[in-house]
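J.: Okay, here's the structure, questions in a sec.
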Amino acid sequence: MKTKFPIHTTLSVDAIKVLERYEKELGAKNIVLEKALLNLDNSRFKAKLDTQNIDRLIKRIETGIPGLDDFLEGGYPKGFAIVVTGPPGTGKTTFSMQFLMEGVKKGERCIFFSFEERAHQLVQHFMRFGWDVGKYIDDGYLEIFGISMLTSEEMVEIIDSHKPDRVVFDSLNVVSAPGDFRTSSSWRGLHRLLKKNMVTSLLVTEKSHGIDLKQFDEFDFLGDGIIFLDFIQTNDIDTTPMPVMSIQKMRATKVDHTPQPFRFTNSGIAKYRALNLPSQVLQEKIEKRRAERLSISSDEV
């Protein structure tokens with residue numbers, strides 16, 4: 001009996017049956033036929049997905065921001081990379097810390113990578129809201145890496161070692177230009193690790209413009225979701241800007257893109273309890289600001 005040496009091992013089951021039948025009839029291996037079947041067998045390019053065992057329900061991770069989960073069908077989809085962006089001073093770091101505190105309170109492992117502040121400063125930032133970070137750090141639920149410039153390879157090792165559920169990177173603009181970040185093989189390797197391990201991550205980035213300008217960068221395109229934080233003036237009498245957050249993108253989620261007001265308190269970010277301002281008014285204020293900026297730009301030209 002002759003030993004068979006197949007020239008290709010990715011033929012489908014049906015194609016292999018055809019080949020074996022002709023081999024029996026001819027009494028020998030037909031290489032020409034095998035090549036022809038290989039060229040005709042388009043099914044070998046199909047992804048091998050066991051759709052029967054994929055959970056149809058998307059697991060949600062609570063954000064830690066009061067009221068935000070209501071606009072996200074219960075929270076961020078587990079394993080998503082969420083871009084938290086906006087101009088300086090709009091609360092992005094506080095927003096991200098609150099996300100981690102929600103995790104450690106539930107017994108989840110969390111990591112905060114900062115590329116701008118020392119770990120000592122970050123701990124002080126946590127503590128000013130009454131969060132007992134020392135306990136969570138001592139118990140191994142929270143790791144904080146300060147301004148030391150870790151490479152993406154080092155961060156991969158840390159994530160591989162600690163096996164976190166939640167991770168924050170603050171802020172990516174310090175370590176990479178938007179275009180370079182998306183095409184960098186090392187950063188893409190880190191991104192793949194987060195996806196593989198189903199780590200829910202916040203990617204904090206900086207914007208030089210406000211929420212009224214619809215301009216995006218490469219960081220935005222990499223994220224599964226985008227949350228924009230900003231300040232807007234809500235009425236013509238009180239000129240004090242109000243902090244707002246807008247869900248600009250969230251895959252696998254039905255969202256309301258209307259900017260939602262919030263407030264800063266001694267215990268972190270909270271809902272705006274008494275707001276007599278319809279959502280359409282907020283949107284109109286943003287549209288008005290956008291029109292004013294466009295008018296200024298056209299006058300300069």
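By order of appearance in the structure tokens: chains A, B, ..., then residues from 1 within every chain, and ligands from 1 in the order shown.
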Give me, as number ranges by chain, the residues of region 98-244 of chain A that a backbone DSSP run labels strand (DSSP E).

T.: A: 110-114, 142-145, 166-170, 200-204, 225-232, 242-244

J.: Residues of region 175-283 of chain A within 12 Å of region 104-113 of chain A: nearest atom pair and distance (Å, one decimal) for each, counting only C-alpha atoms, sorted by chain and number, as CSV?

T.:
```
residue,atom,partner,partner_atom,distance
A:Val175,CA,A:Phe113,CA,11.5
A:Val199,CA,A:Cys110,CA,9.6
A:Thr200,CA,A:Cys110,CA,9.8
A:Ser201,CA,A:Ile111,CA,9.5
A:Leu202,CA,A:Phe112,CA,9.6
A:Leu203,CA,A:Phe113,CA,10.0
A:Val204,CA,A:Phe113,CA,10.3
```

J.: Can I get the selection written as a JSON list (two decimals), in the first residue's frame, with C-alpha atoms?

T.:
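selection.json was written with the following content:
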```json
[["chain", "number", "residue", "atom", "x", "y", "z"],
["A", 175, "VAL", "CA", 4.18, 58.69, 24.59],
["A", 199, "VAL", "CA", -9.23, 43.54, 29.84],
["A", 200, "THR", "CA", -11.49, 46.60, 29.88],
["A", 201, "SER", "CA", -9.24, 49.63, 29.36],
["A", 202, "LEU", "CA", -9.50, 53.41, 29.27],
["A", 203, "LEU", "CA", -7.17, 55.21, 26.86],
["A", 204, "VAL", "CA", -6.93, 58.82, 28.00]]
```

J.: So that I can see what lies close to His120 (chain A), please list as a count of residues only the residues with an atom at most 10 Å from it, counting only C-alpha atoms and leaving out residues fewer than 3 positions away in the same chain.

T.: 8

J.: Could you tell me how far CA of Arg166 (chain A) lies from CA of Phe126 (chain A), in Å and to one decimal?

T.: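 Those two atoms sit 16.4 Å apart.
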
J.: Wanna dump the region 200-268 of chain A-region 60-80 of chain A contacts at 9 Å for me, each residue with its shortest atom pair and the distance in Å to one decimal, counting only C-alpha atoms, ordered by chain and number, as CSV?

T.:
```
residue,atom,partner,partner_atom,distance
A:Thr200,CA,A:Gly79,CA,4.3
A:Ser201,CA,A:Phe80,CA,6.5
A:Leu202,CA,A:Phe80,CA,8.5
A:Gly223,CA,A:Phe80,CA,7.7
A:Asp224,CA,A:Phe80,CA,5.8
A:Gly225,CA,A:Phe80,CA,7.5
A:Ile247,CA,A:Phe71,CA,8.4
A:Met250,CA,A:Leu72,CA,8.1
A:Arg251,CA,A:Pro77,CA,8.3
A:Ala252,CA,A:Pro77,CA,7.7
A:Thr253,CA,A:Leu72,CA,6.4
A:Lys254,CA,A:Leu72,CA,7.0
A:Val255,CA,A:Phe71,CA,5.9
A:Asp256,CA,A:Phe71,CA,6.5
A:Gln260,CA,A:Leu68,CA,8.8
A:Gly268,CA,A:Ile65,CA,8.7
```

J.: Would you save the residues of that selection, restricted to all heavy atoms, as an mmCIF file, in the first residue's frame?

T.:
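Now in part.cif:
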```cif
data_model
loop_
_atom_site.group_PDB
_atom_site.id
_atom_site.type_symbol
_atom_site.label_atom_id
_atom_site.label_comp_id
_atom_site.auth_asym_id
_atom_site.auth_seq_id
_atom_site.Cartn_x
_atom_site.Cartn_y
_atom_site.Cartn_z
ATOM 1 N N THR A 200 -10.790 45.360 30.215
ATOM 2 C CA THR A 200 -11.489 46.599 29.875
ATOM 3 C C THR A 200 -10.557 47.760 30.194
ATOM 4 O O THR A 200 -10.080 47.885 31.320
ATOM 5 C CB THR A 200 -12.793 46.726 30.672
ATOM 6 O OG1 THR A 200 -13.547 45.511 30.544
ATOM 7 C CG2 THR A 200 -13.625 47.897 30.167
ATOM 8 N N SER A 201 -10.262 48.588 29.187
ATOM 9 C CA SER A 201 -9.240 49.626 29.362
ATOM 10 C C SER A 201 -9.754 50.998 28.948
ATOM 11 O O SER A 201 -10.589 51.127 28.054
ATOM 12 C CB SER A 201 -7.990 49.284 28.551
ATOM 13 O OG SER A 201 -8.294 49.103 27.187
ATOM 14 N N LEU A 202 -9.234 52.022 29.637
ATOM 15 C CA LEU A 202 -9.498 53.410 29.272
ATOM 16 C C LEU A 202 -8.217 54.005 28.723
ATOM 17 O O LEU A 202 -7.167 53.960 29.370
ATOM 18 C CB LEU A 202 -9.972 54.221 30.486
ATOM 19 C CG LEU A 202 -11.282 53.798 31.153
ATOM 20 C CD1 LEU A 202 -11.698 54.851 32.196
ATOM 21 C CD2 LEU A 202 -12.401 53.591 30.140
ATOM 22 N N GLY A 223 -10.178 53.057 19.332
ATOM 23 C CA GLY A 223 -11.033 52.701 20.467
ATOM 24 C C GLY A 223 -12.350 52.069 20.051
ATOM 25 O O GLY A 223 -12.899 52.357 18.987
ATOM 26 N N ASP A 224 -12.852 51.201 20.916
ATOM 27 C CA ASP A 224 -14.188 50.623 20.709
ATOM 28 C C ASP A 224 -15.265 51.627 21.099
ATOM 29 O O ASP A 224 -16.417 51.501 20.694
ATOM 30 C CB ASP A 224 -14.355 49.366 21.562
ATOM 31 C CG ASP A 224 -13.366 48.286 21.190
ATOM 32 O OD1 ASP A 224 -13.391 47.838 20.037
ATOM 33 O OD2 ASP A 224 -12.560 47.900 22.059
ATOM 34 N N GLY A 225 -14.876 52.595 21.905
ATOM 35 C CA GLY A 225 -15.803 53.642 22.324
ATOM 36 C C GLY A 225 -15.057 54.941 22.537
ATOM 37 O O GLY A 225 -13.834 54.950 22.714
ATOM 38 N N ILE A 247 -21.122 60.560 24.960
ATOM 39 C CA ILE A 247 -20.725 59.260 24.404
ATOM 40 C C ILE A 247 -20.748 59.395 22.892
ATOM 41 O O ILE A 247 -21.817 59.376 22.272
ATOM 42 C CB ILE A 247 -21.672 58.140 24.861
ATOM 43 C CG1 ILE A 247 -21.794 58.121 26.379
ATOM 44 C CG2 ILE A 247 -21.191 56.785 24.338
ATOM 45 C CD1 ILE A 247 -22.931 57.268 26.892
ATOM 46 N N MET A 250 -19.792 53.894 20.850
ATOM 47 C CA MET A 250 -19.683 52.710 21.699
ATOM 48 C C MET A 250 -20.219 51.529 20.906
ATOM 49 O O MET A 250 -21.429 51.402 20.683
ATOM 50 C CB MET A 250 -20.463 52.876 23.008
ATOM 51 C CG MET A 250 -20.139 51.816 24.050
ATOM 52 S SD MET A 250 -18.430 51.878 24.636
ATOM 53 C CE MET A 250 -18.387 53.490 25.427
ATOM 54 N N ARG A 251 -19.313 50.693 20.465
ATOM 55 C CA ARG A 251 -19.727 49.538 19.671
ATOM 56 C C ARG A 251 -20.631 48.610 20.486
ATOM 57 O O ARG A 251 -20.534 48.531 21.697
ATOM 58 C CB ARG A 251 -18.489 48.758 19.200
ATOM 59 C CG ARG A 251 -17.675 49.502 18.162
ATOM 60 C CD ARG A 251 -16.364 48.831 17.868
ATOM 61 N NE ARG A 251 -15.610 49.576 16.861
ATOM 62 C CZ ARG A 251 -14.291 49.549 16.735
ATOM 63 N NH1 ARG A 251 -13.562 48.813 17.557
ATOM 64 N NH2 ARG A 251 -13.687 50.248 15.791
ATOM 65 N N ALA A 252 -21.489 47.903 19.801
ATOM 66 C CA ALA A 252 -22.387 46.915 20.407
ATOM 67 C C ALA A 252 -23.295 47.527 21.466
ATOM 68 O O ALA A 252 -23.743 46.846 22.381
ATOM 69 C CB ALA A 252 -21.587 45.758 21.014
ATOM 70 N N THR A 253 -23.567 48.823 21.340
ATOM 71 C CA THR A 253 -24.367 49.522 22.343
ATOM 72 C C THR A 253 -25.215 50.599 21.674
ATOM 73 O O THR A 253 -24.721 51.349 20.832
ATOM 74 C CB THR A 253 -23.460 50.195 23.394
ATOM 75 O OG1 THR A 253 -22.567 49.219 23.946
ATOM 76 C CG2 THR A 253 -24.282 50.811 24.508
ATOM 77 N N LYS A 254 -26.475 50.669 22.070
ATOM 78 C CA LYS A 254 -27.330 51.760 21.615
ATOM 79 C C LYS A 254 -27.141 52.925 22.563
ATOM 80 O O LYS A 254 -27.405 52.804 23.767
ATOM 81 C CB LYS A 254 -28.790 51.315 21.599
ATOM 82 C CG LYS A 254 -29.745 52.374 21.058
ATOM 83 C CD LYS A 254 -31.181 51.873 21.053
ATOM 84 C CE LYS A 254 -32.128 52.941 20.524
ATOM 85 N NZ LYS A 254 -33.534 52.469 20.519
ATOM 86 N N VAL A 255 -26.659 54.048 22.061
ATOM 87 C CA VAL A 255 -26.329 55.166 22.952
ATOM 88 C C VAL A 255 -27.054 56.444 22.542
ATOM 89 O O VAL A 255 -27.474 56.605 21.396
ATOM 90 C CB VAL A 255 -24.804 55.443 22.960
ATOM 91 C CG1 VAL A 255 -24.048 54.240 23.476
ATOM 92 C CG2 VAL A 255 -24.304 55.846 21.585
ATOM 93 N N ASP A 256 -27.173 57.327 23.518
ATOM 94 C CA ASP A 256 -27.685 58.672 23.298
ATOM 95 C C ASP A 256 -26.465 59.592 23.249
ATOM 96 O O ASP A 256 -25.719 59.694 24.224
ATOM 97 C CB ASP A 256 -28.618 59.068 24.447
ATOM 98 C CG ASP A 256 -29.234 60.451 24.265
ATOM 99 O OD1 ASP A 256 -28.809 61.181 23.338
ATOM 100 O OD2 ASP A 256 -30.111 60.817 25.061
ATOM 101 N N GLN A 260 -24.257 64.973 28.428
ATOM 102 C CA GLN A 260 -24.911 64.869 29.724
ATOM 103 C C GLN A 260 -24.133 65.672 30.766
ATOM 104 O O GLN A 260 -22.922 65.492 30.915
ATOM 105 C CB GLN A 260 -24.983 63.401 30.159
ATOM 106 C CG GLN A 260 -25.707 62.496 29.185
ATOM 107 C CD GLN A 260 -27.155 62.902 28.980
ATOM 108 O OE1 GLN A 260 -27.810 63.357 29.925
ATOM 109 N NE2 GLN A 260 -27.663 62.738 27.766
ATOM 110 N N GLY A 268 -15.825 62.605 44.182
ATOM 111 C CA GLY A 268 -15.614 62.281 42.769
ATOM 112 C C GLY A 268 -16.671 62.867 41.856
ATOM 113 O O GLY A 268 -17.348 63.841 42.202
#
```

J.: Write out as number ranges by chain all residues of region 68-191 of chain A that backbone DSSP assigns to helix (DSSP H, G or I).

T.: A: 69-71, 92-105, 119-127, 133-138, 152-162, 172-175, 178-183, 185-191

J.: For Val156 (chain A), which residue among A:Ser114, A:Gln215, A:Gln98, A:Asn197 is the nearest when counting only C-alpha atoms?

T.: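 Once distances to Val156 (chain A) are computed over only C-alpha atoms, the minimum belongs to A:Asn197.
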